[in-house]
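A.B. asks: Input file: work.cif. Contents: mmCIF, C-alpha atoms and all ligand atoms.
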```cif
data_target
loop_
_atom_site.label_atom_id
_atom_site.label_comp_id
_atom_site.auth_asym_id
_atom_site.auth_seq_id
_atom_site.Cartn_x
_atom_site.Cartn_y
_atom_site.Cartn_z
CA MET A 1150 0.00 0.00 0.00
CA ARG A 1151 2.77 2.34 0.92
CA TRP A 1152 4.53 1.85 -2.47
CA LYS A 1153 1.32 2.36 -4.37
CA TRP A 1154 0.95 5.71 -2.63
CA MET A 1155 4.49 6.64 -3.68
CA TYR A 1156 3.76 5.85 -7.36
CA LEU A 1157 0.80 8.13 -7.23
CA TRP A 1158 2.90 10.99 -5.94
CA LEU A 1159 6.18 10.40 -7.76
CA PRO A 1160 5.25 12.09 -11.07
CA SER A 1161 4.07 15.20 -9.32
CA LEU A 1162 7.19 15.24 -7.15
CA MET A 1163 9.31 15.01 -10.30
CA ALA A 1164 7.31 17.75 -11.92
CA CYS A 1165 7.94 19.92 -8.90
CA ALA A 1166 11.68 19.24 -9.12
CA LEU A 1167 11.69 20.06 -12.84
CA PHE A 1168 9.72 23.22 -12.24
CA ALA A 1169 12.24 24.30 -9.61
CA GLN A 1170 15.02 23.95 -12.18
CA GLN A 1171 13.30 26.18 -14.74
CA PRO A 1172 15.19 29.44 -15.19
CA THR A 1173 13.44 32.16 -13.21
CA PRO A 1174 12.72 35.47 -14.94
CA TYR A 1175 15.37 37.04 -12.70
CA PRO A 1176 17.79 38.62 -12.82
CA GLN A 1177 15.94 40.89 -15.16
CA THR A 1178 18.03 43.23 -17.31
CA VAL A 1179 16.88 46.80 -17.90
CA ALA A 1180 18.65 49.44 -19.98
CA LEU A 1181 17.79 53.00 -18.92
CA LYS A 1182 18.62 55.57 -21.57
CA ALA A 1183 18.48 59.31 -20.98
CA ALA A 1184 19.72 62.46 -22.68
CA HIS A 1185 21.34 63.53 -19.39
CA LEU A 1186 22.67 61.93 -16.22
CA LEU A 1187 23.89 63.73 -13.10
CA ASP A 1188 27.17 62.27 -11.87
CA VAL A 1189 26.91 63.46 -8.26
CA ARG A 1190 30.49 62.45 -7.44
CA ALA A 1191 32.06 64.42 -10.31
CA GLY A 1192 29.43 67.14 -9.97
CA ARG A 1193 28.73 67.11 -13.71
CA VAL A 1194 25.79 66.50 -16.01
CA LEU A 1195 26.76 63.95 -18.67
CA ASP A 1196 24.98 63.61 -22.02
CA GLU A 1197 23.49 60.56 -23.78
CA GLN A 1198 24.01 57.96 -21.07
CA THR A 1199 22.83 54.39 -20.57
CA VAL A 1200 22.51 52.66 -17.20
CA LEU A 1201 22.45 48.88 -17.41
CA VAL A 1202 20.57 47.30 -14.52
CA VAL A 1203 20.78 43.57 -13.80
CA GLY A 1204 18.43 42.38 -11.09
CA GLU A 1205 18.45 44.90 -8.27
CA ARG A 1206 21.84 46.43 -9.00
CA ILE A 1207 23.59 48.69 -11.47
CA GLU A 1208 25.87 46.72 -13.78
CA LYS A 1209 27.27 49.44 -16.02
CA VAL A 1210 26.98 53.18 -16.66
CA GLY A 1211 28.41 55.09 -19.60
CA PRO A 1212 27.87 56.89 -22.90
CA SER A 1213 25.10 55.11 -24.80
CA ALA A 1214 27.49 54.40 -27.70
CA GLU A 1215 29.74 52.43 -25.33
CA VAL A 1216 27.15 50.42 -23.39
CA PRO A 1217 25.83 47.60 -25.58
CA ILE A 1218 22.30 46.51 -24.69
CA PRO A 1219 22.08 42.73 -24.16
CA SER A 1220 19.40 40.89 -26.15
CA GLY A 1221 16.26 40.41 -24.11
CA ALA A 1222 16.86 43.51 -22.02
CA ARG A 1223 13.93 45.82 -21.41
CA VAL A 1224 14.82 49.26 -22.78
CA ILE A 1225 13.36 52.31 -21.03
CA ASP A 1226 14.08 55.44 -23.02
CA LEU A 1227 13.58 58.49 -20.84
CA GLY A 1228 14.13 60.85 -23.77
CA SER A 1229 15.30 64.32 -22.83
CA ALA A 1230 15.13 63.67 -19.06
CA THR A 1231 17.96 63.83 -16.54
CA LEU A 1232 18.69 60.73 -14.47
CA LEU A 1233 20.05 61.08 -10.97
CA PRO A 1234 20.46 58.80 -7.96
CA GLY A 1235 17.40 57.99 -5.86
CA LEU A 1236 17.08 60.68 -3.18
CA ILE A 1237 17.71 60.13 0.53
CA ASP A 1238 15.93 61.86 3.42
CA ALA A 1239 17.88 61.34 6.65
CA HIS A 1240 15.14 62.61 8.98
CA VAL A 1241 11.57 61.40 8.59
CA HIS A 1242 8.75 60.12 10.78
CA LEU A 1243 6.78 57.90 8.40
CA THR A 1244 4.38 56.78 11.11
CA ASP A 1245 3.29 60.36 11.91
CA ASP A 1246 0.96 62.72 10.05
CA PRO A 1247 0.86 66.46 10.85
CA GLN A 1248 -2.85 66.49 11.66
CA ASP A 1249 -2.31 63.85 14.36
CA SER A 1250 -0.14 66.04 16.58
CA GLY A 1251 -0.82 67.20 20.14
CA PHE A 1252 -3.80 65.76 21.99
CA ARG A 1253 -5.04 63.95 18.89
CA SER A 1254 -1.88 61.83 18.91
CA LEU A 1255 -3.05 60.25 22.17
CA GLY A 1256 -5.93 58.52 20.40
CA ILE A 1257 -3.82 56.86 17.74
CA SER A 1258 -2.76 53.30 18.52
CA VAL A 1259 0.60 51.82 17.61
CA PRO A 1260 -1.00 49.47 14.99
CA ARG A 1261 -2.73 52.50 13.44
CA GLN A 1262 0.63 54.31 13.35
CA ALA A 1263 2.15 51.39 11.47
CA LEU A 1264 -0.64 51.63 8.86
CA ILE A 1265 -0.18 55.39 8.59
CA GLY A 1266 3.47 54.52 7.95
CA ALA A 1267 2.52 52.16 5.12
CA LYS A 1268 0.63 55.00 3.42
CA ASN A 1269 3.49 57.45 3.89
CA ALA A 1270 6.18 54.99 2.78
CA ARG A 1271 4.46 54.76 -0.61
CA LEU A 1272 4.07 58.55 -0.91
CA THR A 1273 7.74 59.03 -0.04
CA LEU A 1274 8.96 56.48 -2.57
CA GLU A 1275 6.76 57.91 -5.34
CA ALA A 1276 8.25 61.35 -4.59
CA GLY A 1277 11.67 59.97 -5.53
CA PHE A 1278 13.03 59.24 -2.06
CA THR A 1279 14.26 55.68 -2.35
CA THR A 1280 16.00 55.63 1.06
CA VAL A 1281 15.02 57.23 4.36
CA ARG A 1282 16.26 57.28 7.93
CA ASN A 1283 13.30 57.16 10.31
CA VAL A 1284 14.33 58.84 13.54
CA GLY A 1285 11.74 58.12 16.20
CA ALA A 1286 8.47 56.19 16.33
CA SER A 1287 6.28 54.62 19.03
CA GLY A 1288 6.00 50.93 19.80
CA TYR A 1289 8.63 49.88 17.25
CA SER A 1290 6.09 50.62 14.51
CA ASP A 1291 8.96 51.92 12.33
CA LEU A 1292 10.80 48.61 12.56
CA ALA A 1293 7.63 46.72 11.61
CA LEU A 1294 7.21 49.06 8.65
CA ARG A 1295 10.83 48.58 7.56
CA ASP A 1296 10.41 44.80 7.73
CA ALA A 1297 7.13 44.93 5.77
CA VAL A 1298 8.79 46.98 3.01
CA ASN A 1299 11.78 44.63 2.92
CA ALA A 1300 9.43 41.63 2.68
CA GLY A 1301 7.64 43.26 -0.28
CA ASP A 1302 4.34 43.47 1.61
CA VAL A 1303 4.00 47.24 1.17
CA PRO A 1304 5.75 49.64 -1.23
CA GLY A 1305 8.24 52.01 0.32
CA PRO A 1306 11.78 53.28 0.38
CA ARG A 1307 14.70 51.49 1.99
CA ILE A 1308 14.32 52.35 5.67
CA LEU A 1309 16.86 52.64 8.45
CA ALA A 1310 14.87 52.95 11.65
CA SER A 1311 15.73 53.95 15.20
CA GLY A 1312 12.76 52.67 17.19
CA PRO A 1313 11.70 54.95 20.08
CA ALA A 1314 13.92 58.00 20.58
CA LEU A 1315 15.67 58.08 23.96
CA GLY A 1316 14.79 61.02 26.17
CA ILE A 1317 14.67 62.23 29.76
CA THR A 1318 11.55 62.02 31.92
CA GLY A 1319 9.40 65.01 30.99
CA GLY A 1320 11.57 65.94 28.03
CA HIS A 1321 10.89 66.40 24.33
CA CYS A 1322 10.90 62.65 23.68
CA ASP A 1323 8.54 61.88 26.58
CA GLU A 1324 4.77 62.53 26.44
CA ASN A 1325 3.72 65.35 28.77
CA LEU A 1326 0.06 65.85 27.84
CA LEU A 1327 -1.46 63.42 30.36
CA ALA A 1328 -2.17 64.01 34.06
CA PRO A 1329 -0.04 62.14 36.64
CA GLU A 1330 -2.74 59.57 37.41
CA PHE A 1331 -2.36 58.13 33.90
CA GLN A 1332 1.24 57.26 34.85
CA TYR A 1333 2.27 57.31 31.22
CA ARG A 1334 5.76 57.66 29.88
CA ALA A 1335 6.99 57.30 26.32
CA ASP A 1336 8.80 54.10 25.28
CA GLY A 1337 12.18 55.78 24.96
CA VAL A 1338 12.37 57.44 28.39
CA ALA A 1339 15.55 56.58 30.28
CA ASP A 1340 17.36 58.54 32.99
CA GLY A 1341 20.85 58.01 34.36
CA LEU A 1342 23.77 56.04 32.98
CA PRO A 1343 22.62 52.43 33.62
CA SER A 1344 19.14 53.20 32.25
CA VAL A 1345 20.27 54.90 29.06
CA ILE A 1346 22.71 52.06 28.36
CA ALA A 1347 19.94 49.51 28.94
CA LYS A 1348 17.60 51.45 26.64
CA VAL A 1349 20.17 51.51 23.83
CA ARG A 1350 20.53 47.73 24.20
CA GLU A 1351 16.74 47.26 24.28
CA ASN A 1352 16.24 49.21 21.04
CA ILE A 1353 18.97 47.19 19.36
CA LYS A 1354 17.46 43.97 20.72
CA TYR A 1355 14.24 44.78 18.84
CA GLY A 1356 16.05 45.65 15.62
CA ALA A 1357 17.03 49.33 15.65
CA ASP A 1358 19.44 50.27 12.86
CA LEU A 1359 20.54 53.41 14.69
CA ILE A 1360 19.95 55.23 17.97
CA LYS A 1361 18.19 58.58 18.24
CA PHE A 1362 18.16 60.61 21.43
CA CYS A 1363 16.83 63.99 22.47
CA ALA A 1364 19.72 66.18 23.64
CA SER A 1365 17.58 69.33 23.97
CA GLY A 1366 13.98 70.39 24.25
CA GLY A 1367 11.87 70.69 21.11
CA VAL A 1368 9.04 72.42 19.33
CA PHE A 1369 6.30 69.76 19.31
CA SER A 1370 6.22 68.93 23.00
CA LYS A 1371 4.67 70.41 26.14
CA GLY A 1372 6.54 72.05 28.96
CA ASP A 1373 10.02 72.37 27.50
CA LEU A 1374 12.05 74.83 25.47
CA PRO A 1375 14.11 74.05 22.35
CA GLY A 1376 17.11 75.90 23.74
CA THR A 1377 17.36 73.92 26.98
CA GLU A 1378 19.74 71.00 27.25
CA GLN A 1379 17.98 67.81 28.47
CA TYR A 1380 20.39 64.88 28.69
CA SER A 1381 23.57 65.61 30.67
CA PRO A 1382 26.88 65.38 28.79
CA ALA A 1383 27.64 62.17 30.73
CA GLU A 1384 24.35 60.56 29.66
CA MET A 1385 24.94 61.58 26.03
CA ALA A 1386 28.45 60.11 26.14
CA ALA A 1387 27.10 56.83 27.57
CA ILE A 1388 24.39 56.54 24.87
CA ILE A 1389 26.81 57.25 22.06
CA ALA A 1390 29.57 54.96 23.37
CA GLU A 1391 27.18 52.04 23.87
CA ALA A 1392 25.55 52.46 20.44
CA HIS A 1393 28.92 52.73 18.71
CA ARG A 1394 30.22 49.69 20.61
CA LEU A 1395 27.25 47.75 19.22
CA GLY A 1396 27.84 49.03 15.69
CA ARG A 1397 25.05 51.62 15.50
CA LYS A 1398 25.26 55.27 14.52
CA VAL A 1399 23.64 57.94 16.66
CA ALA A 1400 21.45 60.93 15.79
CA ALA A 1401 20.92 63.69 18.36
CA HIS A 1402 17.85 65.91 18.32
CA ALA A 1403 19.49 69.19 19.35
CA HIS A 1404 18.09 72.69 18.88
CA GLY A 1405 19.94 74.27 21.81
CA THR A 1406 23.39 75.81 21.58
CA GLN A 1407 24.90 73.84 24.48
CA ALA A 1408 23.20 70.57 23.51
CA ILE A 1409 24.71 70.86 20.01
CA ILE A 1410 28.19 71.34 21.48
CA ASP A 1411 27.90 68.59 24.10
CA ALA A 1412 26.45 65.97 21.72
CA THR A 1413 29.10 66.80 19.13
CA GLU A 1414 31.94 66.56 21.64
CA ALA A 1415 30.54 63.24 22.86
CA GLY A 1416 30.98 61.92 19.29
CA VAL A 1417 27.43 61.89 17.90
CA ASP A 1418 27.16 61.19 14.14
CA SER A 1419 24.57 63.83 13.33
CA ILE A 1420 22.95 66.86 14.88
CA GLU A 1421 19.26 67.02 13.97
CA HIS A 1422 17.72 70.52 13.62
CA GLY A 1423 20.77 72.44 14.95
CA SER A 1424 18.55 75.52 15.22
CA LEU A 1425 20.45 77.64 17.76
CA ILE A 1426 23.95 76.73 16.62
CA ASP A 1427 26.69 79.28 17.42
CA ASP A 1428 30.29 79.70 16.25
CA LYS A 1429 31.57 77.32 18.91
CA GLY A 1430 29.11 74.64 17.77
CA ILE A 1431 30.10 75.17 14.15
CA ARG A 1432 33.79 74.79 15.06
CA ALA A 1433 33.10 71.65 17.11
CA MET A 1434 31.04 70.05 14.30
CA LYS A 1435 33.76 70.80 11.76
CA GLU A 1436 36.45 69.41 14.02
CA HIS A 1437 34.54 66.17 14.71
CA GLY A 1438 33.20 65.74 11.15
CA THR A 1439 29.64 65.73 12.51
CA TYR A 1440 26.78 65.99 10.03
CA LEU A 1441 24.16 68.72 10.32
CA VAL A 1442 20.67 67.55 9.35
CA GLY A 1443 18.85 70.88 9.20
CA ASP A 1444 15.11 70.54 8.48
CA ILE A 1445 14.82 74.05 7.11
CA TYR A 1446 11.74 73.71 4.87
CA ASN A 1447 9.09 72.83 7.43
CA ASP A 1448 8.94 76.32 9.00
CA ASP A 1449 6.97 77.37 5.88
CA PHE A 1450 4.38 74.68 6.53
CA ILE A 1451 4.22 75.12 10.31
CA MET A 1452 3.80 78.90 10.13
CA GLY A 1453 1.56 78.79 7.04
CA GLU A 1454 -0.78 75.93 7.85
CA GLY A 1455 0.02 74.91 11.41
CA LYS A 1456 -3.02 76.58 12.92
CA GLN A 1457 -5.49 74.84 10.59
CA VAL A 1458 -3.68 71.55 11.03
CA GLY A 1459 -4.16 71.84 14.79
CA PHE A 1460 -0.69 72.56 16.18
CA THR A 1461 -1.04 74.08 19.66
CA GLU A 1462 -0.41 77.79 20.19
CA ASP A 1463 2.43 76.87 22.55
CA ASN A 1464 4.13 74.81 19.83
CA LEU A 1465 3.63 77.52 17.20
CA ALA A 1466 5.20 80.07 19.57
CA LYS A 1467 8.27 77.86 19.93
CA GLU A 1468 8.56 77.49 16.13
CA ARG A 1469 8.45 81.30 15.88
CA MET A 1470 11.44 81.38 18.25
CA VAL A 1471 13.61 78.95 16.26
CA GLY A 1472 12.41 78.91 12.62
CA GLN A 1473 14.36 81.83 11.16
CA ARG A 1474 17.33 81.38 13.50
CA GLN A 1475 17.64 77.80 12.27
CA ARG A 1476 17.80 78.94 8.65
CA ASP A 1477 20.41 81.61 9.44
CA GLY A 1478 22.45 79.08 11.45
CA PHE A 1479 22.23 76.60 8.58
CA ARG A 1480 23.68 79.18 6.20
CA LYS A 1481 26.56 79.95 8.58
CA ALA A 1482 27.32 76.27 9.16
CA ALA A 1483 27.19 75.46 5.44
CA GLU A 1484 29.44 78.41 4.57
CA ALA A 1485 31.90 77.32 7.28
CA GLY A 1486 32.09 73.85 5.69
CA VAL A 1487 30.09 71.76 8.18
CA LYS A 1488 29.02 68.51 6.51
CA ILE A 1489 25.35 68.68 5.48
CA ALA A 1490 22.98 65.73 5.00
CA PHE A 1491 19.47 66.27 3.66
CA GLY A 1492 16.75 65.68 6.25
CA THR A 1493 13.32 67.25 6.50
CA ASP A 1494 11.32 66.02 9.53
CA ALA A 1495 8.56 64.79 7.20
CA GLY A 1496 5.59 63.96 9.38
CA VAL A 1497 5.63 67.50 10.77
CA TYR A 1498 4.55 68.42 7.22
CA PRO A 1499 2.85 66.03 4.70
CA HIS A 1500 4.95 63.11 3.47
CA GLY A 1501 5.87 63.24 -0.19
CA TRP A 1502 6.67 66.96 -0.05
CA ASN A 1503 10.27 66.19 0.98
CA ALA A 1504 11.84 67.75 -2.11
CA ARG A 1505 10.43 71.18 -1.25
CA GLN A 1506 13.43 71.57 1.05
CA PHE A 1507 15.92 71.71 -1.84
CA ALA A 1508 14.89 75.24 -2.79
CA VAL A 1509 15.20 76.41 0.82
CA MET A 1510 18.69 74.91 1.09
CA VAL A 1511 19.65 76.80 -2.06
CA LYS A 1512 18.16 80.00 -0.66
CA TYR A 1513 20.25 79.52 2.49
CA GLY A 1514 23.68 79.02 1.02
CA LEU A 1515 24.01 75.79 -0.94
CA THR A 1516 24.38 75.49 -4.70
CA PRO A 1517 21.74 73.25 -6.31
CA LEU A 1518 24.45 70.62 -6.85
CA ALA A 1519 25.51 70.77 -3.18
CA ALA A 1520 21.88 70.39 -2.09
CA ILE A 1521 21.52 67.31 -4.32
CA GLN A 1522 24.81 65.91 -3.00
CA ALA A 1523 23.45 66.37 0.54
CA ALA A 1524 20.51 64.13 -0.44
CA THR A 1525 22.65 61.52 -2.20
CA LEU A 1526 26.38 61.05 -1.49
CA SER A 1527 26.43 62.79 1.91
CA ALA A 1528 23.24 61.26 3.27
CA ALA A 1529 24.48 57.81 2.17
CA ASP A 1530 27.72 58.47 4.05
CA LEU A 1531 25.84 59.53 7.19
CA LEU A 1532 23.71 56.39 7.01
CA GLY A 1533 26.79 54.18 6.58
CA TRP A 1534 25.36 53.01 3.24
CA SER A 1535 27.88 54.51 0.80
CA ASP A 1536 28.49 51.01 -0.54
CA ARG A 1537 24.90 50.62 -1.74
CA VAL A 1538 23.08 53.94 -2.35
CA GLY A 1539 23.72 57.62 -3.15
CA SER A 1540 25.26 57.46 -6.63
CA ILE A 1541 24.76 55.84 -10.04
CA GLU A 1542 27.72 53.48 -10.04
CA PRO A 1543 28.25 49.77 -10.80
CA GLY A 1544 27.50 47.57 -7.80
CA LYS A 1545 25.09 50.02 -6.18
CA PHE A 1546 21.37 49.34 -5.87
CA ALA A 1547 19.53 50.47 -8.99
CA ASP A 1548 17.75 53.31 -7.20
CA LEU A 1549 17.25 56.13 -9.68
CA VAL A 1550 14.96 59.02 -10.44
CA ALA A 1551 14.48 61.17 -13.52
CA VAL A 1552 13.30 64.74 -13.94
CA SER A 1553 12.53 66.93 -16.95
CA GLY A 1554 15.30 69.49 -17.30
CA ASP A 1555 18.52 70.14 -15.40
CA PRO A 1556 18.13 70.01 -11.58
CA THR A 1557 21.55 71.64 -11.11
CA ARG A 1558 20.01 74.78 -12.66
CA ASP A 1559 16.51 74.48 -11.19
CA VAL A 1560 16.40 72.41 -8.04
CA THR A 1561 12.60 72.67 -7.81
CA LEU A 1562 12.40 70.14 -10.66
CA LEU A 1563 13.01 67.53 -7.95
CA GLU A 1564 9.54 68.31 -6.58
CA HIS A 1565 8.10 66.61 -9.67
CA VAL A 1566 10.07 63.46 -10.46
CA LYS A 1567 8.71 61.71 -13.54
CA PHE A 1568 10.40 58.35 -13.08
CA VAL A 1569 11.38 56.34 -10.00
CA MET A 1570 13.19 53.00 -9.85
CA LYS A 1571 14.06 51.17 -6.64
CA GLY A 1572 16.23 48.07 -6.72
CA GLY A 1573 15.68 47.61 -10.46
CA GLN A 1574 11.88 47.76 -10.15
CA VAL A 1575 10.04 50.63 -11.79
CA VAL A 1576 7.95 52.39 -9.16
CA LYS A 1577 6.71 55.33 -11.21
CA GLU A 1578 6.83 56.04 -14.93
CA GLN A 1579 5.03 59.03 -16.43
ZN ZN B 1 12.02 64.67 13.97
#
```
Would you mind writing the structure in this file as structure tokens?
C.D. replies:
Amino acid sequence: MRWKWMYLWLPSLMACALFAQQPTPYPQTVALKAAHLLDVRAGRVLDEQTVLVVGERIEKVGPSAEVPIPSGARVIDLGSATLLPGLIDAHVHLTDDPQDSGFRSLGISVPRQALIGAKNARLTLEAGFTTVRNVGASGYSDLALRDAVNAGDVPGPRILASGPALGITGGHCDENLLAPEFQYRADGVADGLPSVIAKVRENIKYGADLIKFCASGGVFSKGDLPGTEQYSPAEMAAIIAEAHRLGRKVAAHAHGTQAIIDATEAGVDSIEHGSLIDDKGIRAMKEHGTYLVGDIYNDDFIMGEGKQVGFTEDNLAKERMVGQRQRDGFRKAAEAGVKIAFGTDAGVYPHGWNARQFAVMVKYGLTPLAAIQAATLSAADLLGWSDRVGSIEPGKFADLVAVSGDPTRDVTLLEHVKFVMKGGQVVKEQ
């Protein structure tokens, strides 16, 4: 009886084995042709280029006359467009929407935040941002979102995620809207050296790619001021040393002058916001090679639409204190040669509008090319991903965007990308 059963199944087993040996349609070969290509490393626009993509990576780049197209390759001719690397935003909150700030945020569950993140991941990718660094989310919703994107369950950019941002009790990264009897504290709250070290380890245990902590007060929080330092220099040093020991980079939310200096001297990898930076902070950041991630677009949105969106009067007053000073400080830092990585704080303003910051960066001291380099080569360096994203070079992921016209002349073209590819897959084609 047993043998008879085997005979019944053997042909189908063999068919399965044969099927498994059939060549799969991958790696798929795609030839992207365009009249122009921005070489972000050389800082030049090249004419009549072809990018050969095999599977998820770039195989070859060069003048179309010198890159033969293999038979069977799909050819995508982008005509007169300019190709450039997929853009990188080093400061987003995919699981947050602006209208859900303040008291309304208290009614939004962690699972709901993850689903909000799924919506925003798609919007961000379609806007040409093929990689983001998510710096702060509740309940590890950002790590779930990253894993869902990586599994192909939802469309989105490549995501490096921090998990909950570390912060002091009652600080910017705590939640101060509830009365004491609710006994609520945010996931990332940790005070004192043993606790901050344990919190770094806990975030890494659950999959954090980097560590984010709040060195100073902030705008969208109750009962604190952006200029005030929150973690002590000793706590900052402990967070950074432990994260680095475990192979993770560290981002410090720091508006305040002293917080910028102390986090930089403790060896942080990037200063987020940097609003009240002074000459001493600029010198320290230059000396340590620390990146400035200045989110200098969102003041337009916060001041223009913040009231309708529902930001509290207290938060709007704080933005009035730091908004223009941040832009002026950004210009000074950029002119002094502080390393700049593109980061916008998307979530404070609607996701998908990320590229609106390019024009503001140009207004405040960068050339269009330097602004694009901040969102490609430099952001990739900050993320520790220079080996895989940030330029159109063989071996890198085939993450590319195309715009009509020359973005090194008109950086606002990046607000309307006409073509997006991530990992060799076409995401958007107009
Ligand atoms: Zn932020």
A.B. asks: Find the residues near ligand ZN 1 (chain B). Use a cut-off of 7 Å, count only C-alpha atoms and all ligand atoms, and write them as a PyMOL selection string.
C.D. replies: chain A and resi 1240-1242+1284-1285+1494
A.B. asks: So which one's closest to His1185 in chain A, A:Gly1204, A:Gly1438, A:Gly1319, A:Pro1212? Using all atoms listed in the file, please.
C.D. replies: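 Closest to His1185 in chain A of all the choices is A:Pro1212.
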A.B. asks: Using only C-alpha atoms, which residue out of A:Asp1336, A:Glu1484, A:Glu1542, A:Asp1444 lies closest to Ala1239 in chain A?
C.D. replies: A:Asp1444
A.B. asks: Could you check which of A:Leu1395, A:Leu1232, A:Ala1180, A:Met1434 is closest to Val1216 in chain A, using only C-alpha atoms?
C.D. replies: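 Smallest separation from Val1216 in chain A among the options: A:Ala1180.
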A.B. asks: Using all atoms listed in the file, which of A:Val1550, A:Ala1314, A:Leu1515, A:Ile1409 sits nearest Val1200 in chain A?
C.D. replies: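 Under the stated criterion, the closest residue is A:Val1550.
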A.B. asks: Would you tabulate, counting all atoms listed in the file, all residues of range 1236-1278 of chain A that have an atom at most 12 Å from an atom of range 1286-1292 of chain A, showing the closest pair of atoms and their distance in Å to one decimal, sorted by chain then ascending number, as CSV?
C.D. replies:
```
residue,atom,partner,partner_atom,distance
A:His1240,CA,A:Ala1286,CA,11.8
A:Val1241,CA,A:Ala1286,CA,9.8
A:His1242,CA,A:Ala1286,CA,6.8
A:Leu1243,CA,A:Asp1291,CA,7.5
A:Thr1244,CA,A:Ala1286,CA,6.7
A:Asp1245,CA,A:Ala1286,CA,8.0
A:Asp1246,CA,A:Ala1286,CA,11.8
A:Ser1254,CA,A:Ser1287,CA,10.9
A:Leu1255,CA,A:Ser1287,CA,11.3
A:Ile1257,CA,A:Ser1287,CA,10.4
A:Ser1258,CA,A:Ser1287,CA,9.2
A:Val1259,CA,A:Gly1288,CA,5.9
A:Pro1260,CA,A:Ser1290,CA,7.2
A:Arg1261,CA,A:Ser1290,CA,9.1
A:Gln1262,CA,A:Ser1290,CA,6.7
A:Ala1263,CA,A:Ser1290,CA,5.0
A:Leu1264,CA,A:Ser1290,CA,8.8
A:Ile1265,CA,A:Ser1290,CA,9.9
A:Gly1266,CA,A:Asp1291,CA,7.5
A:Ala1267,CA,A:Asp1291,CA,9.7
A:Asn1269,CA,A:Asp1291,CA,11.5
A:Ala1270,CA,A:Asp1291,CA,10.4
```
A.B. asks: Write the residues of the selection above to a file with C-alpha atoms, as a CSV table (one decimal), in the frame of the given file.
C.D. replies:
```
chain,number,residue,atom,x,y,z
A,1240,HIS,CA,15.1,62.6,9.0
A,1241,VAL,CA,11.6,61.4,8.6
A,1242,HIS,CA,8.8,60.1,10.8
A,1243,LEU,CA,6.8,57.9,8.4
A,1244,THR,CA,4.4,56.8,11.1
A,1245,ASP,CA,3.3,60.4,11.9
A,1246,ASP,CA,1.0,62.7,10.0
A,1254,SER,CA,-1.9,61.8,18.9
A,1255,LEU,CA,-3.0,60.2,22.2
A,1257,ILE,CA,-3.8,56.9,17.7
A,1258,SER,CA,-2.8,53.3,18.5
A,1259,VAL,CA,0.6,51.8,17.6
A,1260,PRO,CA,-1.0,49.5,15.0
A,1261,ARG,CA,-2.7,52.5,13.4
A,1262,GLN,CA,0.6,54.3,13.4
A,1263,ALA,CA,2.2,51.4,11.5
A,1264,LEU,CA,-0.6,51.6,8.9
A,1265,ILE,CA,-0.2,55.4,8.6
A,1266,GLY,CA,3.5,54.5,8.0
A,1267,ALA,CA,2.5,52.2,5.1
A,1269,ASN,CA,3.5,57.4,3.9
A,1270,ALA,CA,6.2,55.0,2.8
```
A.B. asks: Calculate how many Å separate CA of Val1576 in chain A from CA of Ser1527 in chain A, rounding to one decimal.
C.D. replies: 23.9 Å
A.B. asks: Closest to Thr1377 in chain A among A:Leu1425, A:Glu1414, A:Val1338, A:Glu1351, using only C-alpha atoms?
C.D. replies: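 Ranking A:Leu1425, A:Glu1414, A:Val1338, A:Glu1351 by distance to Thr1377 in chain A, first place goes to A:Leu1425.
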A.B. asks: Distance table requested - range 1197-1306 of chain A against range 1367-1370 of chain A, cut-off 12 Å, all atoms listed in the file: one row per qualifying residue with the closest atom pair and its distance in Å to one decimal, ordered by chain and rising residue number, as JSON lines.
C.D. replies:
```
{"residue": "A:Pro1247", "atom": "CA", "partner": "A:Phe1369", "partner_atom": "CA", "distance": 10.6}
{"residue": "A:Asp1249", "atom": "CA", "partner": "A:Phe1369", "partner_atom": "CA", "distance": 11.6}
{"residue": "A:Ser1250", "atom": "CA", "partner": "A:Phe1369", "partner_atom": "CA", "distance": 7.9}
{"residue": "A:Gly1251", "atom": "CA", "partner": "A:Phe1369", "partner_atom": "CA", "distance": 7.6}
{"residue": "A:Phe1252", "atom": "CA", "partner": "A:Ser1370", "partner_atom": "CA", "distance": 10.6}
{"residue": "A:Ser1254", "atom": "CA", "partner": "A:Phe1369", "partner_atom": "CA", "distance": 11.4}
```
A.B. asks: Between A:Trp1502, A:Phe1460, A:Trp1534, A:Tyr1380, which one has atoms that come closest to Tyr1446 in chain A, using all atoms listed in the file?
C.D. replies: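 Distance minimum relative to Tyr1446 in chain A lands on A:Trp1502.
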A.B. asks: Provide the CA of Gln1506 in chain A to CA of Thr1493 in chain A distance in Å, to one decimal place.
C.D. replies: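 The value is 7.0 Å.
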A.B. asks: Separation of CA of Gly1486 in chain A and CA of Phe1362 in chain A, in Å?
C.D. replies: 24.8 Å
A.B. asks: For range 1215-1222 of chain A, I'd like the enclosing box, axis-aligned and padded by 6 Å on every side, reported as lines of an AutoDock Vina configuration file with centre and edge lengths in Å to one decimal.
C.D. replies:
```
center_x = 23.0
center_y = 46.4
center_z = -24.1
size_x = 25.5
size_y = 24.0
size_z = 16.1
```
A.B. asks: Mind checking which residues fall within 9 Å of Val1303 in chain A, counting only C-alpha atoms, ignoring those fewer than 2 positions away in the same chain, and posting them as a list in words?
C.D. replies: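 Surrounding residues, per the criterion: Ala1267, Lys1268, Ala1270, Arg1271, Leu1294, Ala1297, Val1298, Asn1299, Ala1300, Gly1301 and Gly1305 of chain A.
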A.B. asks: In the coordinate frame of the file, compute which residues have an atom within 7 Å of (12.9, 64.7, -18.7) when using only C-alpha atoms, and state them as a PyMOL selection string.
C.D. replies: chain A and resi 1227-1231+1551-1554
